[in-house]
file target.cif (mmCIF, C-alpha atoms)
data_input
loop_
_atom_site.label_atom_id
_atom_site.label_comp_id
_atom_site.auth_asym_id
_atom_site.auth_seq_id
_atom_site.Cartn_x
_atom_site.Cartn_y
_atom_site.Cartn_z
CA MET A 256 -69.71 -12.93 16.29
CA LYS A 257 -69.75 -9.20 17.09
CA CYS A 258 -67.55 -9.87 20.11
CA LEU A 259 -65.05 -11.74 17.92
CA MET A 260 -65.00 -8.87 15.43
CA ARG A 261 -64.33 -6.39 18.25
CA ILE A 262 -61.45 -8.55 19.49
CA ARG A 263 -59.99 -8.71 15.96
CA THR A 264 -60.37 -4.92 15.58
CA LEU A 265 -58.69 -4.29 18.92
CA PHE A 266 -55.90 -6.74 18.06
CA ALA A 267 -55.29 -5.04 14.69
CA ALA A 268 -55.21 -1.62 16.35
CA TRP A 269 -52.77 -2.83 19.02
CA THR A 270 -50.54 -4.41 16.37
CA ALA A 271 -50.49 -1.13 14.43
CA ILE A 272 -49.49 0.74 17.59
CA LEU A 273 -46.64 -1.71 18.20
CA VAL A 274 -45.41 -1.37 14.61
CA LEU A 275 -45.55 2.42 14.68
CA SER A 276 -43.76 2.58 18.03
CA ALA A 277 -41.00 0.13 17.04
CA PRO A 278 -37.53 1.72 16.92
CA ALA A 279 -36.54 3.02 13.49
CA TRP A 280 -33.27 1.10 13.43
CA SER A 281 -35.14 -2.17 13.16
CA GLN A 282 -36.61 -1.12 9.81
CA GLU A 283 -33.65 -0.02 7.71
CA ASP A 284 -29.85 -0.17 7.60
CA ILE A 285 -27.61 2.88 7.27
CA THR A 286 -26.09 2.99 3.77
CA VAL A 287 -22.62 4.53 3.41
CA PHE A 288 -20.86 5.26 0.11
CA ALA A 289 -17.14 5.29 0.86
CA ALA A 290 -13.79 5.49 -0.90
CA SER A 291 -12.17 2.13 -1.66
CA SER A 292 -9.17 2.84 0.55
CA LEU A 293 -11.45 2.95 3.60
CA GLN A 294 -12.90 -0.53 3.16
CA ASN A 295 -11.03 -2.62 5.74
CA ALA A 296 -11.06 0.03 8.45
CA LEU A 297 -14.71 1.00 7.93
CA GLU A 298 -15.91 -2.58 8.01
CA ASP A 299 -14.24 -2.99 11.40
CA VAL A 300 -15.72 0.31 12.63
CA ALA A 301 -19.18 -0.79 11.47
CA ARG A 302 -18.90 -4.01 13.48
CA GLN A 303 -18.05 -1.96 16.56
CA TYR A 304 -21.02 0.32 15.91
CA GLN A 305 -23.39 -2.61 15.40
CA GLN A 306 -22.35 -4.11 18.74
CA LYS A 307 -22.80 -0.77 20.48
CA ALA A 308 -25.92 0.62 18.80
CA GLY A 309 -27.63 -2.50 17.45
CA ARG A 310 -27.75 -0.99 13.98
CA ASN A 311 -26.36 -2.46 10.76
CA VAL A 312 -24.34 -0.40 8.31
CA ARG A 313 -24.15 -1.28 4.62
CA PHE A 314 -21.37 -0.06 2.35
CA SER A 315 -20.71 0.64 -1.29
CA PHE A 316 -16.96 1.01 -1.88
CA ALA A 317 -15.56 2.52 -5.08
CA ALA A 318 -13.64 5.55 -6.33
CA SER A 319 -14.95 8.77 -4.76
CA SER A 320 -15.69 10.11 -8.23
CA ALA A 321 -17.90 7.15 -9.14
CA LEU A 322 -19.76 7.33 -5.83
CA ALA A 323 -20.34 11.08 -6.05
CA ARG A 324 -21.83 10.70 -9.51
CA GLN A 325 -24.05 7.85 -8.34
CA ILE A 326 -25.33 10.06 -5.51
CA GLU A 327 -25.95 12.83 -8.04
CA GLN A 328 -28.07 10.37 -10.01
CA GLY A 329 -30.15 9.50 -6.95
CA ALA A 330 -28.41 6.46 -5.45
CA PRO A 331 -29.76 5.75 -1.94
CA ALA A 332 -26.73 6.68 0.16
CA ALA A 333 -27.22 8.22 3.60
CA ILE A 334 -23.55 9.15 4.12
CA PHE A 335 -20.74 9.95 1.68
CA PHE A 336 -17.14 9.38 2.86
CA SER A 337 -14.73 10.70 0.22
CA ALA A 338 -10.97 10.31 -0.27
CA ASP A 339 -10.60 13.98 -1.18
CA GLU A 340 -12.28 17.33 -0.68
CA GLN A 341 -12.92 17.90 -4.38
CA TRP A 342 -15.61 15.25 -4.77
CA MET A 343 -17.28 16.41 -1.59
CA ASP A 344 -17.17 19.93 -3.05
CA TYR A 345 -18.77 18.52 -6.21
CA LEU A 346 -21.80 17.37 -4.23
CA ALA A 347 -21.86 20.48 -2.04
CA GLN A 348 -22.02 22.74 -5.10
CA ARG A 349 -25.07 20.78 -6.23
CA LYS A 350 -26.65 21.01 -2.76
CA LEU A 351 -26.51 17.24 -2.41
CA ILE A 352 -25.07 17.10 1.12
CA ALA A 353 -26.25 18.49 4.45
CA PRO A 354 -23.56 21.20 4.83
CA ASP A 355 -23.56 21.32 8.61
CA THR A 356 -22.61 17.62 8.78
CA ARG A 357 -19.48 17.88 6.62
CA LYS A 358 -16.21 17.25 8.41
CA ALA A 359 -12.69 16.13 7.42
CA LEU A 360 -12.01 13.07 9.58
CA LEU A 361 -8.86 11.33 8.34
CA GLY A 362 -5.55 11.78 6.55
CA ASN A 363 -3.20 9.46 4.65
CA ARG A 364 0.17 9.39 2.87
CA LEU A 365 1.14 8.64 -0.71
CA VAL A 366 3.65 5.84 -1.30
CA LEU A 367 5.32 4.00 -4.17
CA VAL A 368 4.86 0.23 -3.97
CA VAL A 369 6.49 -2.64 -5.83
CA PRO A 370 5.80 -6.41 -5.81
CA SER A 371 7.03 -7.95 -2.55
CA ALA A 372 9.70 -9.96 -4.37
CA SER A 373 11.29 -6.79 -5.75
CA ARG A 374 14.26 -5.35 -3.88
CA VAL A 375 13.94 -1.92 -5.49
CA THR A 376 13.99 1.20 -3.32
CA VAL A 377 13.48 4.72 -4.66
CA ASP A 378 14.50 8.05 -3.18
CA LEU A 379 11.54 10.12 -4.30
CA LYS A 380 13.32 13.42 -4.76
CA PRO A 381 13.08 15.94 -7.61
CA GLY A 382 14.23 14.41 -10.88
CA PHE A 383 14.45 10.82 -9.61
CA ASP A 384 15.13 8.27 -12.36
CA MET A 385 11.74 6.83 -13.21
CA LYS A 386 13.07 5.42 -16.48
CA ALA A 387 15.47 3.24 -14.53
CA LEU A 388 12.66 2.14 -12.22
CA LEU A 389 10.42 1.01 -15.09
CA GLY A 390 13.07 -0.36 -17.42
CA ALA A 391 12.69 -0.70 -21.17
CA ASP A 392 8.95 -1.42 -21.31
CA GLY A 393 7.67 -1.59 -17.73
CA ARG A 394 4.54 0.21 -16.60
CA TRP A 395 3.34 1.73 -13.34
CA VAL A 396 -0.22 2.07 -12.08
CA THR A 397 -2.39 4.39 -10.04
CA GLY A 398 -5.98 5.60 -10.10
CA ASP A 399 -7.07 7.48 -13.19
CA PRO A 400 -6.14 11.14 -12.50
CA ALA A 401 -9.20 12.24 -14.49
CA GLY A 402 -11.37 11.45 -11.48
CA VAL A 403 -9.84 9.07 -8.94
CA PRO A 404 -8.37 10.97 -5.95
CA VAL A 405 -5.24 8.84 -5.56
CA GLY A 406 -4.45 9.43 -9.23
CA ARG A 407 -4.79 13.19 -8.82
CA TYR A 408 -2.52 13.14 -5.80
CA ALA A 409 -0.04 11.01 -7.76
CA GLN A 410 -0.08 13.37 -10.77
CA GLU A 411 0.45 16.33 -8.48
CA ALA A 412 3.40 14.67 -6.72
CA LEU A 413 5.11 13.47 -9.88
CA THR A 414 4.64 16.88 -11.49
CA LYS A 415 6.22 18.55 -8.46
CA LEU A 416 9.13 16.09 -8.66
CA GLY A 417 9.57 16.85 -12.37
CA VAL A 418 8.90 13.38 -13.81
CA TRP A 419 5.24 13.54 -14.86
CA ASP A 420 5.87 14.11 -18.57
CA PHE A 421 7.63 10.75 -18.82
CA ALA A 422 5.50 9.00 -16.18
CA GLN A 423 2.21 9.59 -17.97
CA THR A 424 3.49 7.75 -21.06
CA ARG A 425 3.91 4.54 -19.02
CA MET A 426 0.88 4.78 -16.75
CA VAL A 427 -1.94 2.26 -16.28
CA ARG A 428 -5.09 4.14 -15.23
CA ALA A 429 -7.02 2.08 -12.68
CA GLU A 430 -10.65 2.64 -11.71
CA ASN A 431 -9.78 2.94 -8.01
CA VAL A 432 -6.86 2.52 -5.63
CA ARG A 433 -7.61 -1.11 -4.78
CA VAL A 434 -7.55 -2.05 -8.44
CA ALA A 435 -4.18 -0.28 -8.73
CA LEU A 436 -2.92 -2.24 -5.73
CA ALA A 437 -4.03 -5.51 -7.34
CA PHE A 438 -1.99 -4.76 -10.49
CA VAL A 439 1.15 -4.54 -8.39
CA GLU A 440 0.22 -7.58 -6.28
CA ARG A 441 0.04 -9.65 -9.47
CA ALA A 442 3.26 -8.09 -10.78
CA GLU A 443 1.35 -6.82 -13.80
CA ALA A 444 2.91 -3.42 -13.10
CA VAL A 445 6.50 -2.70 -12.06
CA ALA A 446 5.30 -0.19 -9.47
CA GLY A 447 2.21 1.64 -8.25
CA VAL A 448 1.27 4.79 -6.40
CA VAL A 449 -1.25 4.08 -3.65
CA TYR A 450 -2.03 5.19 -0.12
CA GLU A 451 0.13 4.02 2.74
CA THR A 452 -2.90 2.30 4.28
CA ASP A 453 -3.47 0.21 1.13
CA ALA A 454 0.16 -0.88 1.07
CA ALA A 455 -0.12 -1.92 4.73
CA ILE A 456 -2.95 -4.41 4.17
CA SER A 457 -1.19 -6.40 1.43
CA PRO A 458 1.68 -8.84 2.02
CA LYS A 459 2.14 -8.99 -1.76
CA VAL A 460 3.57 -5.48 -2.10
CA ARG A 461 6.38 -3.57 -0.45
CA VAL A 462 6.82 0.18 0.03
CA ALA A 463 9.75 1.27 -2.14
CA GLY A 464 9.47 4.97 -1.36
CA VAL A 465 7.38 7.59 0.44
CA PHE A 466 6.46 10.78 -1.41
CA PRO A 467 7.55 14.03 0.25
CA ALA A 468 4.64 15.57 2.14
CA ASP A 469 5.11 18.89 0.33
CA SER A 470 4.85 17.31 -3.13
CA TYR A 471 1.04 16.95 -3.07
CA THR A 472 -2.02 18.39 -1.39
CA PRO A 473 -2.55 16.74 2.01
CA VAL A 474 -4.82 13.73 1.67
CA SER A 475 -8.13 14.48 3.36
CA TYR A 476 -11.14 12.23 3.93
CA PRO A 477 -14.33 14.27 4.54
CA ALA A 478 -17.65 12.68 5.45
CA ALA A 479 -21.14 14.16 5.27
CA ILE A 480 -24.79 13.18 5.28
CA VAL A 481 -26.44 13.17 1.86
CA ALA A 482 -29.17 15.76 1.31
CA GLY A 483 -32.61 14.35 1.99
CA LYS A 484 -31.16 11.47 4.03
CA ASP A 485 -30.56 13.36 7.27
CA SER A 486 -31.77 11.35 10.25
CA ALA A 487 -30.93 10.68 13.88
CA GLU A 488 -29.51 7.31 12.84
CA ALA A 489 -27.22 8.76 10.15
CA ARG A 490 -25.98 11.44 12.56
CA SER A 491 -25.38 8.78 15.19
CA PHE A 492 -23.06 6.80 12.90
CA LEU A 493 -21.34 9.99 11.73
CA ARG A 494 -20.63 10.87 15.36
CA PHE A 495 -19.35 7.35 15.98
CA LEU A 496 -16.78 7.83 13.21
CA GLU A 497 -15.14 10.40 15.51
CA SER A 498 -15.35 8.30 18.66
CA PRO A 499 -12.27 7.00 20.52
CA GLU A 500 -13.14 3.44 19.43
CA ALA A 501 -13.34 4.38 15.76
CA ASN A 502 -10.20 6.54 15.93
CA ALA A 503 -8.25 3.64 17.43
CA THR A 504 -9.34 1.42 14.54
CA PHE A 505 -8.46 4.01 11.91
CA ARG A 506 -5.02 4.45 13.48
CA LYS A 507 -4.53 0.68 13.49
CA TYR A 508 -4.93 0.71 9.72
CA GLY A 509 -2.50 3.61 9.34
CA PHE A 510 -4.80 6.60 8.90
CA SER A 511 -4.07 9.85 10.69
CA ILE A 512 -6.86 11.60 12.58
CA ARG A 513 -7.64 15.15 11.43
#
call {"tool": "encode", "arguments": {"input": "target.cif", "output": "structure tokens"}}
result
Amino acid sequence: MKCLMRIRTLFAAWTAILVLSAPAWSQEDITVFAASSLQNALEDVARQYQQKAGRNVRFSFAASSALARQIEQGAPAAIFFSADEQWMDYLAQRKLIAPDTRKALLGNRLVLVVPSASRVTVDLKPGFDMKALLGADGRWVTGDPAGVPVGRYAQEALTKLGVWDFAQTRMVRAENVRVALAFVERAEAVAGVVYETDAAISPKVRVAGVFPADSYTPVSYPAAIVAGKDSAEARSFLRFLESPEANATFRKYGFSIR
């Protein structure tokens, strides 16, 4: 009986050693909060990373503003990947990111899209005729400028082009860029302002015009590890986002590399 108890004790101790020495990646996935416009590209990058590192990556995609506020409230994100610098600044000012991990990784362009059946093209120059584009009662859509990065870029561009005063009276304020894209796909809006990469993934919309690069602040996608979530695994995935494999995937979807 005593011999059996010793065997059980030794077995339990050996099992504990095996559990404690097991690699950390087998215990928990990496959780990334990322801007909606990154969804397709990041899911492909995560598959590449999983094949290479044997580690799963989970995502929560939404407007950068919504994600930043969720992180502020304690949501369990390890990495934040924003569609603008302002929402990363928001977390940095509250000491909610590891500052040495912050880096701008990608860029994008702002475009005007219309339903694919529309033949409209627009020369997006100062004073362009937005009234003619929308007609008597048509509406256009983008992210809500009060917080959604694409909406802020859109407001900035349309202000620079001198048409914001009229444009804001006909605007549908979407909760993120993919929701804005869906409005145009369903022809529930005459036009929409989205990122070039969002337009590229949908056969239901067509680019009717490209905003001049000097009409809005350059689109920048910074990523950083969330404070208190710094780990070798999180840093490994962050490094992978800059790898040749990841960069090739981002370029495939139309992003520029910073």
call {"tool": "residues_around", "arguments": {"input": "target.cif", "residues": "Arg513 of chain A", "least_positions_apart": "5", "cutoff": "8 Å", "atoms": "only C-alpha atoms", "output": "list of chain:residue names"}}
result
A:Ala359, A:Leu360, A:Leu361, A:Gly362
call {"tool": "resolve_selection", "arguments": {"input": "target.cif", "expression": "the PyMOL selection byres ((chain A and resi 425) around 9)", "output": "ChimeraX atom specification"}}
result
/A:389,392-396,421-424,426-427
call {"tool": "resolve_selection", "arguments": {"input": "target.cif", "expression": "the PyMOL selection byres ((chain A and resi 353) around 10)", "output": "ChimeraX atom specification"}}
result
/A:334,346-347,350-352,354-357,479-485
call {"tool": "residues_around", "arguments": {"input": "target.cif", "residues": "segment 403-408 of chain A", "least_positions_apart": "5", "cutoff": "12 Å", "atoms": "all atoms listed in the file", "output": "mmCIF file with C-alpha atoms, in the coordinates of the input"}}
result
data_model
loop_
_atom_site.group_PDB
_atom_site.id
_atom_site.type_symbol
_atom_site.label_atom_id
_atom_site.label_comp_id
_atom_site.auth_asym_id
_atom_site.auth_seq_id
_atom_site.Cartn_x
_atom_site.Cartn_y
_atom_site.Cartn_z
ATOM 1 C CA ALA A 290 -13.790 5.490 -0.900
ATOM 2 C CA SER A 291 -12.170 2.130 -1.660
ATOM 3 C CA SER A 292 -9.170 2.840 0.550
ATOM 4 C CA ALA A 317 -15.560 2.520 -5.080
ATOM 5 C CA ALA A 318 -13.640 5.550 -6.330
ATOM 6 C CA SER A 319 -14.950 8.770 -4.760
ATOM 7 C CA SER A 320 -15.690 10.110 -8.230
ATOM 8 C CA ALA A 321 -17.900 7.150 -9.140
ATOM 9 C CA LEU A 322 -19.760 7.330 -5.830
ATOM 10 C CA ALA A 323 -20.340 11.080 -6.050
ATOM 11 C CA SER A 337 -14.730 10.700 0.220
ATOM 12 C CA ALA A 338 -10.970 10.310 -0.270
ATOM 13 C CA ASP A 339 -10.600 13.980 -1.180
ATOM 14 C CA GLU A 340 -12.280 17.330 -0.680
ATOM 15 C CA GLN A 341 -12.920 17.900 -4.380
ATOM 16 C CA TRP A 342 -15.610 15.250 -4.770
ATOM 17 C CA MET A 343 -17.280 16.410 -1.590
ATOM 18 C CA ASN A 363 -3.200 9.460 4.650
ATOM 19 C CA ARG A 364 0.170 9.390 2.870
ATOM 20 C CA LEU A 365 1.140 8.640 -0.710
ATOM 21 C CA VAL A 366 3.650 5.840 -1.300
ATOM 22 C CA LEU A 367 5.320 4.000 -4.170
ATOM 23 C CA TRP A 395 3.340 1.730 -13.340
ATOM 24 C CA VAL A 396 -0.220 2.070 -12.080
ATOM 25 C CA THR A 397 -2.390 4.390 -10.040
ATOM 26 C CA GLY A 398 -5.980 5.600 -10.100
ATOM 27 C CA LEU A 413 5.110 13.470 -9.880
ATOM 28 C CA THR A 414 4.640 16.880 -11.490
ATOM 29 C CA LYS A 415 6.220 18.550 -8.460
ATOM 30 C CA TRP A 419 5.240 13.540 -14.860
ATOM 31 C CA GLN A 423 2.210 9.590 -17.970
ATOM 32 C CA MET A 426 0.880 4.780 -16.750
ATOM 33 C CA VAL A 427 -1.940 2.260 -16.280
ATOM 34 C CA ARG A 428 -5.090 4.140 -15.230
ATOM 35 C CA ALA A 429 -7.020 2.080 -12.680
ATOM 36 C CA GLU A 430 -10.650 2.640 -11.710
ATOM 37 C CA ASN A 431 -9.780 2.940 -8.010
ATOM 38 C CA VAL A 432 -6.860 2.520 -5.630
ATOM 39 C CA ARG A 433 -7.610 -1.110 -4.780
ATOM 40 C CA VAL A 434 -7.550 -2.050 -8.440
ATOM 41 C CA ALA A 435 -4.180 -0.280 -8.730
ATOM 42 C CA LEU A 436 -2.920 -2.240 -5.730
ATOM 43 C CA GLY A 447 2.210 1.640 -8.250
ATOM 44 C CA VAL A 448 1.270 4.790 -6.400
ATOM 45 C CA VAL A 449 -1.250 4.080 -3.650
ATOM 46 C CA TYR A 450 -2.030 5.190 -0.120
ATOM 47 C CA GLU A 451 0.130 4.020 2.740
ATOM 48 C CA ASP A 453 -3.470 0.210 1.130
ATOM 49 C CA PHE A 466 6.460 10.780 -1.410
ATOM 50 C CA PRO A 467 7.550 14.030 0.250
ATOM 51 C CA ALA A 468 4.640 15.570 2.140
ATOM 52 C CA ASP A 469 5.110 18.890 0.330
ATOM 53 C CA SER A 470 4.850 17.310 -3.130
ATOM 54 C CA TYR A 471 1.040 16.950 -3.070
ATOM 55 C CA THR A 472 -2.020 18.390 -1.390
ATOM 56 C CA PRO A 473 -2.550 16.740 2.010
ATOM 57 C CA VAL A 474 -4.820 13.730 1.670
ATOM 58 C CA SER A 475 -8.130 14.480 3.360
ATOM 59 C CA TYR A 476 -11.140 12.230 3.930
#
call {"tool": "residues_around", "arguments": {"input": "target.cif", "residues": "Phe336 of chain A", "least_positions_apart": "4", "cutoff": "6 Å", "atoms": "all atoms listed in the file", "output": "PyMOL selection string"}}
result
chain A and resi 289+477-478
call {"tool": "atom_distance", "arguments": {"input": "target.cif", "atom1": "atom CA of Gly390 of chain A", "atom2": "atom CA of Val375 of chain A"}}
result
12.1 Å
call {"tool": "residues_around", "arguments": {"input": "target.cif", "residues": "Ala301 of chain A", "least_positions_apart": "4", "cutoff": "10 Å", "atoms": "only C-alpha atoms", "output": "list in words"}}
result
Ala296, Leu297, Gln305, Gln306, Lys307, Arg310, Asn311, Val312, Arg313, Phe314, Phe492, Phe495, Leu496 and Ala501 of chain A
call {"tool": "atom_distance", "arguments": {"input": "target.cif", "atom1": "atom CA of Arg494 of chain A", "atom2": "atom CA of Phe510 of chain A"}}
result
17.6 Å
call {"tool": "atom_distance", "arguments": {"input": "target.cif", "atom1": "atom CA of Ser457 of chain A", "atom2": "atom CA of Asp384 of chain A"}}
result
25.9 Å
call {"tool": "closest_residue", "arguments": {"input": "target.cif", "among": "A:Leu293, A:Ala387, A:Val369, A:Ser491", "to": "Ala437 of chain A", "atoms": "all atoms listed in the file"}}
result
A:Val369
call {"tool": "closest_residue", "arguments": {"input": "target.cif", "among": "A:Ile512, A:Ala308, A:Met385, A:Val368", "to": "Ala463 of chain A", "atoms": "all atoms listed in the file"}}
result
A:Val368
call {"tool": "closest_residue", "arguments": {"input": "target.cif", "among": "A:Ile285, A:Leu388, A:Ile456, A:Ala409", "to": "Phe335 of chain A", "atoms": "all atoms listed in the file"}}
result
A:Ile285
call {"tool": "resolve_selection", "arguments": {"input": "target.cif", "expression": "the PyMOL selection byres ((chain A and resi 379-382) around 6)", "output": "PyMOL selection string"}}
result
chain A and resi 377-378+383+416-417+466
